[in-house]
>>> print(open('final-v4.pdb').read())   # PDB, C-alpha atoms
ATOM      1  CA  MET A1014      -6.972  39.732  22.529
ATOM      2  CA  ASN A1015      -3.729  40.562  20.808
ATOM      3  CA  TYR A1016      -3.009  44.124  21.868
ATOM      4  CA  SER A1017      -0.931  46.584  19.905
ATOM      5  CA  GLY A1018      -2.100  50.201  20.218
ATOM      6  CA  TYR A1019      -0.969  51.105  16.703
ATOM      7  CA  GLY A1020      -2.729  48.043  15.285
ATOM      8  CA  PHE A1021      -6.069  49.173  16.645
ATOM      9  CA  ALA A1022      -5.753  52.943  16.148
ATOM     10  CA  LYS A1023      -3.708  55.233  13.926
ATOM     11  CA  ARG A1024      -2.121  57.120  16.839
ATOM     12  CA  GLY A1025      -1.834  54.069  19.060
ATOM     13  CA  ALA A1026      -4.569  55.126  21.497
ATOM     14  CA  PRO A1027      -7.670  52.940  20.945
ATOM     15  CA  LEU A1028      -9.923  54.325  23.700
ATOM     16  CA  GLN A1029     -12.961  52.626  22.140
ATOM     17  CA  LEU A1030     -11.374  49.276  22.846
ATOM     18  CA  ILE A1031     -11.670  49.873  26.608
ATOM     19  CA  ALA A1032     -15.397  50.525  26.266
ATOM     20  CA  ASN A1033     -15.782  47.315  24.245
ATOM     21  CA  LEU A1034     -13.888  45.274  26.804
ATOM     22  CA  ILE A1035     -16.005  46.687  29.659
ATOM     23  CA  LYS A1036     -19.135  45.620  27.740
ATOM     24  CA  MET A1037     -17.696  42.148  27.231
ATOM     25  CA  LYS A1038     -16.807  41.830  30.923
ATOM     26  CA  GLY A1039     -20.361  42.830  31.755
ATOM     27  CA  LYS A1040     -21.586  39.842  29.773
ATOM     28  CA  GLY A1041     -19.347  37.467  31.707
ATOM     29  CA  VAL A1042     -16.678  37.037  29.038
ATOM     30  CA  LYS A1043     -13.204  36.306  30.410
ATOM     31  CA  ILE A1044     -10.438  38.333  28.815
ATOM     32  CA  GLY A1045      -6.908  37.131  28.170
ATOM     33  CA  THR A1046      -4.636  39.774  26.684
ATOM     34  CA  VAL A1047      -1.424  39.212  24.772
ATOM     35  CA  PHE A1048       0.423  42.515  25.116
ATOM     36  CA  HIS A1049       2.643  42.821  22.052
ATOM     37  CA  GLU A1050       3.268  46.471  22.947
ATOM     38  CA  LEU A1051       2.505  48.715  25.920
ATOM     39  CA  TYR A1052       3.033  52.328  24.859
ATOM     40  CA  ALA A1053       5.377  54.390  22.718
ATOM     41  CA  SER A1054       7.658  57.298  23.414
ATOM     42  CA  GLY A1055       9.492  59.650  21.086
ATOM     43  CA  PRO A1056      10.906  63.169  20.580
ATOM     44  CA  TYR A1057       8.633  66.136  21.372
ATOM     45  CA  TYR A1058       7.796  66.693  17.699
ATOM     46  CA  SER A1059       6.324  63.167  17.341
ATOM     47  CA  SER A1060       2.740  62.225  18.179
ATOM     48  CA  ALA A1061       4.098  59.388  20.365
ATOM     49  CA  PHE A1062       5.572  61.972  22.767
ATOM     50  CA  TRP A1063       2.242  63.741  23.234
ATOM     51  CA  LEU A1064       0.123  60.598  23.301
ATOM     52  CA  SER A1065       2.406  58.468  25.467
ATOM     53  CA  GLY A1066       0.427  59.272  28.646
ATOM     54  CA  LEU A1067      -2.875  58.343  27.017
ATOM     55  CA  GLN A1068      -1.338  55.157  25.602
ATOM     56  CA  LYS A1069      -0.111  54.237  29.094
ATOM     57  CA  PHE A1070      -3.582  54.859  30.496
ATOM     58  CA  ILE A1071      -5.134  52.574  27.862
ATOM     59  CA  ALA A1072      -2.580  49.779  28.399
ATOM     60  CA  SER A1073      -3.068  50.073  32.156
ATOM     61  CA  SER A1074      -6.881  49.972  31.817
ATOM     62  CA  ILE A1075      -6.708  46.882  29.604
ATOM     63  CA  ALA A1076      -4.371  45.199  32.097
ATOM     64  CA  LYS A1077      -6.890  45.898  34.874
ATOM     65  CA  LEU A1078      -9.731  44.456  32.762
ATOM     66  CA  SER A1079      -7.786  41.306  31.871
ATOM     67  CA  ASP A1080      -8.223  37.942  33.585
ATOM     68  CA  PHE A1081      -4.811  36.775  32.466
ATOM     69  CA  ILE A1082      -1.977  38.288  30.469
ATOM     70  CA  LEU A1083       0.874  37.152  28.284
ATOM     71  CA  THR A1084       3.616  39.512  27.168
ATOM     72  CA  ASN A1085       6.983  39.218  25.451
ATOM     73  CA  ARG A1086       9.519  41.132  27.633
ATOM     74  CA  GLU A1087      10.377  40.803  31.297
ATOM     75  CA  GLN A1088      10.372  44.612  31.603
ATOM     76  CA  SER A1089       6.841  44.674  30.167
ATOM     77  CA  ARG A1090       5.748  42.024  32.630
ATOM     78  CA  GLU A1091       7.109  44.089  35.513
ATOM     79  CA  TRP A1092       5.190  47.172  34.305
ATOM     80  CA  LEU A1093       1.990  45.132  33.854
ATOM     81  CA  LYS A1094       2.339  43.630  37.352
ATOM     82  CA  LYS A1095       2.259  47.157  38.759
ATOM     83  CA  GLN A1096      -1.027  47.744  36.942
ATOM     84  CA  ASN A1097      -2.655  44.476  38.029
ATOM     85  CA  ASN A1098      -0.982  42.208  40.562
ATOM     86  CA  LYS A1099      -4.015  39.959  41.084
ATOM     87  CA  ILE A1100      -3.720  37.872  37.917
ATOM     88  CA  ASN A1101      -1.238  35.566  36.171
ATOM     89  CA  ILE A1102       1.112  37.476  33.881
ATOM     90  CA  GLY A1103       3.231  35.217  31.686
ATOM     91  CA  CYS A1104       6.194  36.160  29.549
ATOM     92  CA  LEU A1105       7.149  34.318  26.361
ATOM     93  CA  SER A1106       9.183  35.608  23.409
ATOM     94  CA  VAL A1107       7.214  35.901  20.164
ATOM     95  CA  PHE A1108       7.254  32.759  18.026
ATOM     96  CA  SER A1109       8.220  32.480  14.389
ATOM     97  CA  ASN A1110       5.625  33.579  11.827
ATOM     98  CA  VAL A1111       7.275  31.527   9.092
ATOM     99  CA  GLY A1112       7.202  28.090  10.655
ATOM    100  CA  GLU A1113       9.652  26.104  12.772
ATOM    101  CA  THR A1114      11.410  22.771  12.611
ATOM    102  CA  ASP A1115      11.234  19.863  15.030
ATOM    103  CA  THR A1116      14.695  18.620  14.115
ATOM    104  CA  PHE A1117      17.950  20.540  14.066
ATOM    105  CA  ASN A1118      19.554  20.378  10.636
ATOM    106  CA  ILE A1119      23.318  19.852  10.898
ATOM    107  CA  GLN A1120      23.842  19.969   7.123
ATOM    108  CA  LYS A1121      24.188  23.735   6.870
ATOM    109  CA  GLU A1122      25.259  25.505   3.700
ATOM    110  CA  LYS A1123      27.569  28.521   3.573
ATOM    111  CA  LYS A1124      24.719  30.981   3.361
ATOM    112  CA  ILE A1125      23.770  34.112   5.301
ATOM    113  CA  ILE A1126      20.087  35.063   5.356
ATOM    114  CA  ILE A1127      18.840  38.626   5.650
ATOM    115  CA  PHE A1128      15.095  38.616   5.764
ATOM    116  CA  GLY A1129      12.195  40.731   7.027
ATOM    117  CA  THR A1130      10.596  44.009   6.040
ATOM    118  CA  SER A1131      12.542  46.285   3.692
ATOM    119  CA  GLU A1132      13.012  48.797   6.556
ATOM    120  CA  VAL A1133      14.590  46.252   8.880
ATOM    121  CA  ARG A1134      16.766  44.778   6.114
ATOM    122  CA  GLN A1135      17.910  48.209   5.016
ATOM    123  CA  ARG A1136      18.858  49.016   8.603
ATOM    124  CA  THR A1137      20.710  45.689   8.818
ATOM    125  CA  TYR A1138      22.795  46.352   5.677
ATOM    126  CA  GLN A1139      23.549  49.885   6.872
ATOM    127  CA  ALA A1140      24.562  48.639  10.327
ATOM    128  CA  ILE A1141      27.078  46.107   9.049
ATOM    129  CA  GLY A1142      28.212  48.024   5.952
ATOM    130  CA  GLU A1143      30.539  46.619   3.323
ATOM    131  CA  HIS A1144      32.188  44.415   5.948
ATOM    132  CA  LEU A1145      29.399  41.919   5.205
ATOM    133  CA  PHE A1146      30.519  41.484   1.611
ATOM    134  CA  ASP A1147      34.221  41.401   2.508
ATOM    135  CA  TRP A1148      33.454  38.731   5.084
ATOM    136  CA  ALA A1149      31.345  36.686   2.649
ATOM    137  CA  GLN A1150      34.113  36.888   0.040
ATOM    138  CA  LYS A1151      36.809  35.863   2.505
ATOM    139  CA  ASN A1152      34.799  32.957   3.929
ATOM    140  CA  ASN A1153      33.169  31.895   0.664
ATOM    141  CA  PHE A1154      29.563  32.570   1.762
ATOM    142  CA  LEU A1155      26.498  33.546  -0.286
ATOM    143  CA  ILE A1156      24.147  36.251   1.079
ATOM    144  CA  GLU A1157      20.449  35.576   0.482
ATOM    145  CA  ASP A1158      18.111  38.567   0.668
ATOM    146  CA  ILE A1159      14.441  37.698   1.268
ATOM    147  CA  GLY A1160      11.658  40.283   1.343
ATOM    148  CA  THR A1161      10.243  43.285  -0.492
ATOM    149  CA  LYS A1162      12.858  44.907  -2.744
ATOM    150  CA  ILE A1163      15.085  47.497  -1.057
ATOM    151  CA  SER A1164      14.980  50.699  -3.085
ATOM    152  CA  ASN A1165      17.747  52.674  -1.326
ATOM    153  CA  GLU A1166      20.016  53.789  -4.167
ATOM    154  CA  ALA A1167      23.310  53.643  -2.242
ATOM    155  CA  LEU A1168      22.574  50.088  -1.108
ATOM    156  CA  ARG A1169      21.535  49.015  -4.600
ATOM    157  CA  GLN A1170      24.917  50.165  -5.882
ATOM    158  CA  ILE A1171      26.625  48.019  -3.258
ATOM    159  CA  PHE A1172      24.427  45.039  -4.215
ATOM    160  CA  ILE A1173      25.330  45.448  -7.906
ATOM    161  CA  LYS A1174      29.029  45.670  -7.063
ATOM    162  CA  ASN A1175      28.763  42.446  -5.043
ATOM    163  CA  ASN A1176      26.270  40.528  -7.157
ATOM    164  CA  HIS A1177      28.488  37.437  -7.190
ATOM    165  CA  LEU A1178      28.052  37.217  -3.391
ATOM    166  CA  TRP A1179      24.467  38.405  -3.055
ATOM    167  CA  LYS A1180      21.190  36.956  -4.311
ATOM    168  CA  GLU A1181      17.840  38.713  -4.169
ATOM    169  CA  TYR A1182      14.712  36.556  -3.819
ATOM    170  CA  GLY A1183      12.022  39.175  -3.185
ATOM    171  CA  ARG A1184       8.886  38.174  -1.306
ATOM    172  CA  LEU A1185       8.502  34.433  -0.862
ATOM    173  CA  SER A1186       5.807  32.171   0.535
ATOM    174  CA  THR A1187       6.151  30.886   4.093
ATOM    175  CA  VAL A1188       7.125  27.446   2.779
ATOM    176  CA  GLU A1189       9.822  28.902   0.522
ATOM    177  CA  ILE A1190      11.214  31.054   3.348
ATOM    178  CA  ALA A1191      11.342  27.972   5.564
ATOM    179  CA  ASP A1192      13.330  26.098   2.866
ATOM    180  CA  HIS A1193      15.929  28.857   2.782
ATOM    181  CA  LEU A1194      16.173  29.157   6.563
ATOM    182  CA  GLN A1195      16.478  25.413   7.038
ATOM    183  CA  ASN A1196      19.764  25.216   5.147
ATOM    184  CA  ALA A1197      21.479  28.495   6.016
ATOM    185  CA  SER A1198      24.230  29.008   8.606
ATOM    186  CA  TYR A1199      23.771  32.627   9.727
ATOM    187  CA  GLY A1200      20.817  35.010   9.995
ATOM    188  CA  LEU A1201      21.438  38.748  10.325
ATOM    189  CA  VAL A1202      19.178  41.393  11.842
ATOM    190  CA  SER A1203      19.685  44.883  13.218
ATOM    191  CA  TYR A1204      17.539  45.118  16.330
ATOM    192  CA  PRO A1205      17.835  46.540  19.867
ATOM    193  CA  ILE A1206      19.080  43.628  21.978
ATOM    194  CA  ASN A1207      16.968  44.727  24.964
ATOM    195  CA  TYR A1208      13.891  44.145  22.805
ATOM    196  CA  ILE A1209      15.037  41.046  20.922
ATOM    197  CA  THR A1210      12.273  38.868  22.411
ATOM    198  CA  LYS A1211       9.786  40.944  20.376
ATOM    199  CA  SER A1212      11.471  40.218  17.044
ATOM    200  CA  GLY A1213       9.706  37.747  14.740
ATOM    201  CA  ILE A1214      12.798  37.727  12.509
ATOM    202  CA  PHE A1215      15.040  36.680  15.392
ATOM    203  CA  ALA A1216      12.451  34.046  16.372
ATOM    204  CA  ALA A1217      12.489  32.683  12.810
ATOM    205  CA  TYR A1218      16.300  32.373  12.829
ATOM    206  CA  CYS A1219      16.119  30.529  16.167
ATOM    207  CA  ALA A1220      13.222  28.324  15.023
ATOM    208  CA  PHE A1221      15.322  26.963  12.149
ATOM    209  CA  GLY A1222      18.595  26.760  14.053
ATOM    210  CA  LEU A1223      20.530  29.470  12.224
ATOM    211  CA  CYS A1224      23.252  31.231  14.149
ATOM    212  CA  PRO A1225      21.586  34.639  14.723
ATOM    213  CA  VAL A1226      23.776  37.728  14.417
ATOM    214  CA  VAL A1227      22.042  40.651  16.158
ATOM    215  CA  LEU A1228      23.518  44.051  15.340
ATOM    216  CA  ASP A1229      23.069  46.684  18.048
ATOM    217  CA  LYS A1230      25.867  49.232  18.370
ATOM    218  CA  SER A1231      24.400  50.708  21.555
ATOM    219  CA  MET A1232      25.183  47.530  23.502
ATOM    220  CA  GLY A1233      28.931  47.385  22.834
ATOM    221  CA  ALA A1234      30.522  43.997  23.536
ATOM    222  CA  TYR A1235      27.780  41.579  24.531
ATOM    223  CA  LYS A1236      28.121  37.846  25.053
ATOM    224  CA  THR A1237      25.423  35.233  24.874
ATOM    225  CA  ASP A1238      25.166  31.571  23.908
ATOM    226  CA  ILE A1239      22.179  32.024  21.605
ATOM    227  CA  PHE A1240      23.344  34.752  19.231
ATOM    228  CA  LEU A1241      26.409  36.676  18.121
ATOM    229  CA  THR A1242      26.646  40.450  17.908
ATOM    230  CA  GLN A1243      28.985  40.434  14.930
ATOM    231  CA  LEU A1244      30.147  38.005  12.290
ATOM    232  CA  PRO A1245      32.995  35.919  13.734
ATOM    233  CA  GLU A1246      36.468  36.823  12.533
ATOM    234  CA  HIS A1247      37.029  33.279  11.309
ATOM    235  CA  SER A1248      33.895  31.405  10.393
ATOM    236  CA  THR A1249      33.941  27.804  11.472
ATOM    237  CA  VAL A1250      31.143  25.322  10.905
ATOM    238  CA  GLU A1251      31.423  24.322  14.554
ATOM    239  CA  LEU A1252      30.752  27.840  15.811
ATOM    240  CA  SER A1253      27.656  28.481  13.675
ATOM    241  CA  LEU A1254      26.322  25.003  14.458
ATOM    242  CA  SER A1255      26.961  25.368  18.173
ATOM    243  CA  VAL A1256      25.267  28.793  18.517
ATOM    244  CA  GLY A1257      22.538  27.736  16.050
ATOM    245  CA  LYS A1258      21.788  24.626  18.110
ATOM    246  CA  ASN A1259      21.595  26.713  21.306
ATOM    247  CA  ALA A1260      19.232  29.155  19.567
ATOM    248  CA  TRP A1261      17.077  26.298  18.305
ATOM    249  CA  GLU A1262      16.882  24.711  21.783
ATOM    250  CA  TYR A1263      16.101  28.112  23.316
ATOM    251  CA  TYR A1264      13.229  28.487  20.813
ATOM    252  CA  ARG A1265      11.618  25.247  22.084
ATOM    253  CA  HIS A1266      10.557  27.183  25.228
ATOM    254  CA  PHE A1267       8.295  29.584  23.320
ATOM    255  CA  SER A1268       7.396  27.718  20.132
ATOM    256  CA  ILE A1269       3.851  28.038  18.777
ATOM    257  CA  SER A1270       2.708  24.910  20.600
ATOM    258  CA  LYS A1271       4.255  26.102  23.905
ATOM    259  CA  THR A1272       2.514  29.471  23.542
ATOM    260  CA  VAL A1273      -0.816  27.838  22.669
ATOM    261  CA  ASP A1274      -0.436  25.468  25.653
ATOM    262  CA  TYR A1275       0.145  28.418  27.964
ATOM    263  CA  LEU A1276      -2.896  30.335  26.679
ATOM    264  CA  LEU A1277      -5.190  27.288  26.771
ATOM    265  CA  THR A1278      -4.122  26.465  30.331
ATOM    266  CA  GLN A1279      -4.963  30.012  31.403
ATOM    267  CA  ALA A1280      -8.261  30.026  29.469
ATOM    268  CA  ASN A1281      -9.316  26.665  30.925
ATOM    269  CA  ALA A1282      -8.555  27.876  34.453
ATOM    270  CA  GLN A1283     -10.733  30.944  33.867
ATOM    271  CA  SER A1284     -13.527  28.797  32.429
ATOM    272  CA  LYS A1285     -13.481  26.621  35.574
ATOM    273  CA  ASN A1286     -13.607  29.732  37.779
ATOM    274  CA  ARG A1287     -16.675  30.922  35.899
ATOM    275  CA  ASN A1288     -18.451  27.572  36.257
TER     276      ASN A1288
ATOM    277  CA  MET B 517     -15.974  27.109  26.013
ATOM    278  CA  THR B 518     -15.392  29.121  22.840
ATOM    279  CA  ILE B 519     -12.194  31.111  22.486
ATOM    280  CA  TYR B 520     -12.244  34.267  20.373
ATOM    281  CA  ILE B 521      -8.852  35.331  19.060
ATOM    282  CA  ILE B 522      -9.086  39.087  18.540
ATOM    283  CA  VAL B 523      -6.467  40.769  16.352
ATOM    284  CA  PRO B 524      -6.083  44.320  15.026
ATOM    285  CA  ALA B 525      -7.407  44.611  11.468
ATOM    286  CA  LYS B 526      -4.090  46.172  10.435
ATOM    287  CA  ARG B 527      -1.916  43.522   8.786
ATOM    288  CA  GLY B 528       1.488  42.895  10.294
ATOM    289  CA  GLY B 529       3.327  40.785  12.834
ATOM    290  CA  VAL B 530       0.596  40.983  15.488
ATOM    291  CA  TYR B 531      -2.089  39.952  12.990
ATOM    292  CA  ASP B 532       0.037  37.012  11.798
ATOM    293  CA  TYR B 533       0.747  35.974  15.392
ATOM    294  CA  GLY B 534      -2.985  35.882  16.168
ATOM    295  CA  LYS B 535      -3.766  34.029  12.956
ATOM    296  CA  LEU B 536      -1.193  31.344  13.794
ATOM    297  CA  LEU B 537      -2.596  30.994  17.323
ATOM    298  CA  PHE B 538      -6.041  30.539  15.770
ATOM    299  CA  GLU B 539      -4.885  27.971  13.194
ATOM    300  CA  THR B 540      -2.895  25.973  15.757
ATOM    301  CA  MET B 541      -5.823  25.874  18.196
ATOM    302  CA  LYS B 542      -8.226  24.916  15.415
ATOM    303  CA  ASN B 543      -5.913  22.065  14.357
ATOM    304  CA  ASN B 544      -5.974  20.908  17.985
ATOM    305  CA  GLN B 545      -9.794  20.679  17.882
ATOM    306  CA  VAL B 546     -10.257  23.709  20.127
ATOM    307  CA  GLU B 547     -13.522  25.604  19.646
ATOM    308  CA  VAL B 548     -12.077  28.873  18.412
ATOM    309  CA  GLU B 549     -13.148  31.885  16.330
ATOM    310  CA  PHE B 550     -10.982  34.507  14.654
ATOM    311  CA  VAL B 551     -12.127  38.104  15.058
ATOM    312  CA  GLU B 552     -10.499  40.871  13.058
ATOM    313  CA  GLY B 553     -10.626  44.493  14.002
ATOM    314  CA  PHE B 554     -12.762  45.173  17.003
ATOM    315  CA  SER B 555     -12.356  48.847  16.289
ATOM    316  CA  LYS B 556     -15.063  51.415  15.659
ATOM    317  CA  ASP B 557     -14.880  50.699  11.916
ATOM    318  CA  PHE B 558     -15.133  47.009  12.530
ATOM    319  CA  GLN B 559     -18.256  47.497  14.645
ATOM    320  CA  LYS B 560     -19.924  49.478  11.884
ATOM    321  CA  LYS B 561     -19.271  46.775   9.331
ATOM    322  CA  LYS B 562     -19.911  43.680  11.372
ATOM    323  CA  SER B 563     -21.880  44.796  14.406
ATOM    324  CA  ASN B 564     -24.639  42.193  14.045
ATOM    325  CA  GLN B 565     -22.187  39.355  13.812
ATOM    326  CA  GLN B 566     -20.084  40.667  16.685
ATOM    327  CA  MET B 567     -23.013  41.330  19.022
ATOM    328  CA  LEU B 568     -24.176  37.781  18.430
ATOM    329  CA  TYR B 569     -20.823  36.576  19.645
ATOM    330  CA  PHE B 570     -20.705  38.665  22.763
TER     331      PHE B 570
END
>>> encode(input="final-v4.pdb", output="structure tokens")
Amino acid sequence: MNYSGYGFAKRGAPLQLIANLIKMKGKGVKIGTVFHELYASGPYYSSAFWLSGLQKFIASSIAKLSDFILTNREQSREWLKKQNNKINIGCLSVFSNVGETDTFNIQKEKKIIIFGTSEVRQRTYQAIGEHLFDWAQKNNFLIEDIGTKISNEALRQIFIKNNHLWKEYGRLSTVEIADHLQNASYGLVSYPINYITKSGIFAAYCAFGLCPVVLDKSMGAYKTDIFLTQLPEHSTVELSLSVGKNAWEYYRHFSISKTVDYLLTQANAQSKNRN
Amino acid sequence: MTIYIIVPAKRGGVYDYGKLLFETMKNNQVEVEFVEGFSKDFQKKKSNQQMLYF
């Protein structure tokens, strides 16, 4: 079961799910849970603040009912271990929802991709500001925007002003997105670095060997081999290729086939236990 | 052994993740079923089918 409280219930507290899982267990079904989320928190005027305790209870109950678990953050794994320390709890970053490539493309074009939901892309443009367009101009890059149209008026004015550097593609098919990602040098996303293993957009950039640029002001200076936290002052092909290659190799550890292998191994072990 | 991949009915990243797991397993000749929802609403609509599964 792929668990996300807000996927199963409007306020993120699907109590009914626990009852269903108990029934299933009663019939001898083994349960493997992929925890995409545990529980939410928020300011006192949000429902997440008031329901956080109930959400924790539900996540904890599901963990206790599970025969094996996979999650996507080490911190989540630690929390889940405290709920149920008798089972295997794996941790793999989420894989790309728009495909992946088995070979690293070294023929990169001078393109920056910004893709994802309009909310995430809007946040990304706001995080980097007009520096993005200055940088693209200086380094002779084209910015490709992929996803539902951004309607924010201030941003649209900036896009119009920079239309020689910026191209809007709207929503594309998975195959078309893959074509764009395959050839681009950089992929931008604004996302909390502590949660980056949950980001499908980041996974997609890694899967196609782009050099990911993760914008998170709260982290300050942050160094890693698999992504940058700002566009480099001087863009060199070597730098984007080197970080992109590292990101692509890193992705091999949690690709779709690796994730499926992990889940099937766990499921087969449970099946043997039952027999 | 039959594997049931259960996803929330709400479309989004988690749904897509589950769908890709399902498709990859199916391509690998694994006996696998895709189950959407599993919420109260889902039970109302598809209870017969679901109870047959479990």
>>> closest_residue(input="final-v4.pdb", among="A:Ile1125, A:Glu1143, A:Asp1158, A:Ile1163", to="Asn1175 of chain A", atoms="all atoms listed in the file")
A:Glu1143
>>> closest_atom_pairs(input="final-v4.pdb", of="chain B", to="chain A", cutoff="9 Å", atoms="only C-alpha atoms", output="tab-separated table")
residue	atom	partner	partner_atom	distance
B:Met517	CA	A:Ser1284	CA	7.1
B:Ile519	CA	A:Ala1280	CA	8.1
B:Tyr520	CA	A:Met1014	CA	7.9
B:Ile521	CA	A:Met1014	CA	5.9
B:Ile522	CA	A:Met1014	CA	4.6
B:Val523	CA	A:Asn1015	CA	5.2
B:Pro524	CA	A:Gly1020	CA	5.0
B:Ala525	CA	A:Gly1020	CA	6.9
B:Lys526	CA	A:Gly1020	CA	5.4
B:Arg527	CA	A:Gly1020	CA	8.0
B:Gly528	CA	A:Gly1020	CA	8.3
B:Gly529	CA	A:Gly1213	CA	7.3
B:Val530	CA	A:Asn1015	CA	6.9
B:Tyr531	CA	A:Asn1015	CA	8.0
B:Asp532	CA	A:Asn1110	CA	6.6
B:Tyr533	CA	A:Asn1110	CA	6.5
B:Gly534	CA	A:Asn1015	CA	6.6
B:Leu536	CA	A:Asn1110	CA	7.4
B:Leu537	CA	A:Val1273	CA	6.5
B:Thr540	CA	A:Val1273	CA	7.5
B:Met541	CA	A:Val1273	CA	7.0
B:Gly553	CA	A:Phe1021	CA	7.0
B:Phe554	CA	A:Leu1030	CA	7.3
B:Ser555	CA	A:Phe1021	CA	6.3
B:Lys556	CA	A:Gln1029	CA	6.9
B:Phe570	CA	A:Met1037	CA	6.4
>>> atom_distance(input="final-v4.pdb", atom1="atom CA of Ala1061 of chain A", atom2="atom CA of Gly1160 of chain A")
28.0 Å
>>> atom_distance(input="final-v4.pdb", atom1="atom CA of Asn1286 of chain A", atom2="atom CA of Ile1075 of chain A")
20.2 Å
>>> residues_near_point(input="final-v4.pdb", point="(22.4, 32.0, 12.7)", cutoff="10 Å", atoms="only C-alpha atoms", output="JSON, numbers by chain")
{"A": [1124, 1125, 1126, 1194, 1197, 1198, 1199, 1200, 1201, 1202, 1215, 1217, 1218, 1219, 1221, 1222, 1223, 1224, 1225, 1226, 1227, 1239, 1240, 1241, 1244, 1252, 1253, 1254, 1255, 1256, 1257, 1258, 1260, 1261]}
>>> resolve_selection(input="final-v4.pdb", expression="the PyMOL selection byres ((chain A and resi 1228) around 12)", output="MDAnalysis selection string")
chainID A and resid 1133:1134 1136:1142 1145 1200:1207 1209 1215 1225:1227 1229:1235 1240:1244
>>> atom_distance(input="final-v4.pdb", atom1="atom CA of Gln1150 of chain A", atom2="atom CA of Trp1179 of chain A")
10.2 Å
>>> decode(input="final-v4.pdb", residues="segment 1207-1246 of chain A", atoms="C-alpha atoms", output="CSV table (one decimal), in the first residue's frame")
chain,number,residue,atom,x,y,z
A,1207,ASN,CA,16.2,18.0,4.1
A,1208,TYR,CA,13.3,16.5,2.2
A,1209,ILE,CA,14.9,16.3,-1.3
A,1210,THR,CA,14.6,12.5,-1.4
A,1211,LYS,CA,10.8,12.9,-1.6
A,1212,SER,CA,11.0,15.1,-4.7
A,1213,GLY,CA,9.9,13.5,-8.0
A,1214,ILE,CA,11.2,16.5,-9.8
A,1215,PHE,CA,14.7,16.1,-8.3
A,1216,ALA,CA,14.5,12.4,-9.1
A,1217,ALA,CA,13.7,13.2,-12.7
A,1218,TYR,CA,16.7,15.6,-13.1
A,1219,CYS,CA,18.9,12.9,-11.6
A,1220,ALA,CA,17.4,10.1,-13.8
A,1221,PHE,CA,18.4,12.0,-16.9
A,1222,GLY,CA,21.7,13.2,-15.7
A,1223,LEU,CA,21.0,16.9,-15.5
A,1224,CYS,CA,23.0,19.0,-13.0
A,1225,PRO,CA,20.2,19.6,-10.4
A,1226,VAL,CA,20.2,23.1,-8.8
A,1227,VAL,CA,18.2,22.9,-5.5
A,1228,LEU,CA,17.2,26.2,-4.1
A,1229,ASP,CA,16.7,26.3,-0.3
A,1230,LYS,CA,17.6,29.6,1.4
A,1231,SER,CA,17.2,28.0,4.9
A,1232,MET,CA,20.2,25.8,4.4
A,1233,GLY,CA,22.8,28.5,3.6
A,1234,ALA,CA,26.0,27.3,2.0
A,1235,TYR,CA,25.6,23.6,1.4
A,1236,LYS,CA,28.0,21.4,-0.6
A,1237,THR,CA,27.3,18.1,-2.2
A,1238,ASP,CA,28.5,16.1,-5.3
A,1239,ILE,CA,25.1,15.4,-6.7
A,1240,PHE,CA,23.5,18.9,-6.9
A,1241,LEU,CA,24.3,22.6,-6.6
A,1242,THR,CA,22.4,25.1,-4.5
A,1243,GLN,CA,22.9,27.9,-6.9
A,1244,LEU,CA,23.8,28.4,-10.5
A,1245,PRO,CA,27.6,28.5,-10.8
A,1246,GLU,CA,29.2,31.9,-11.3
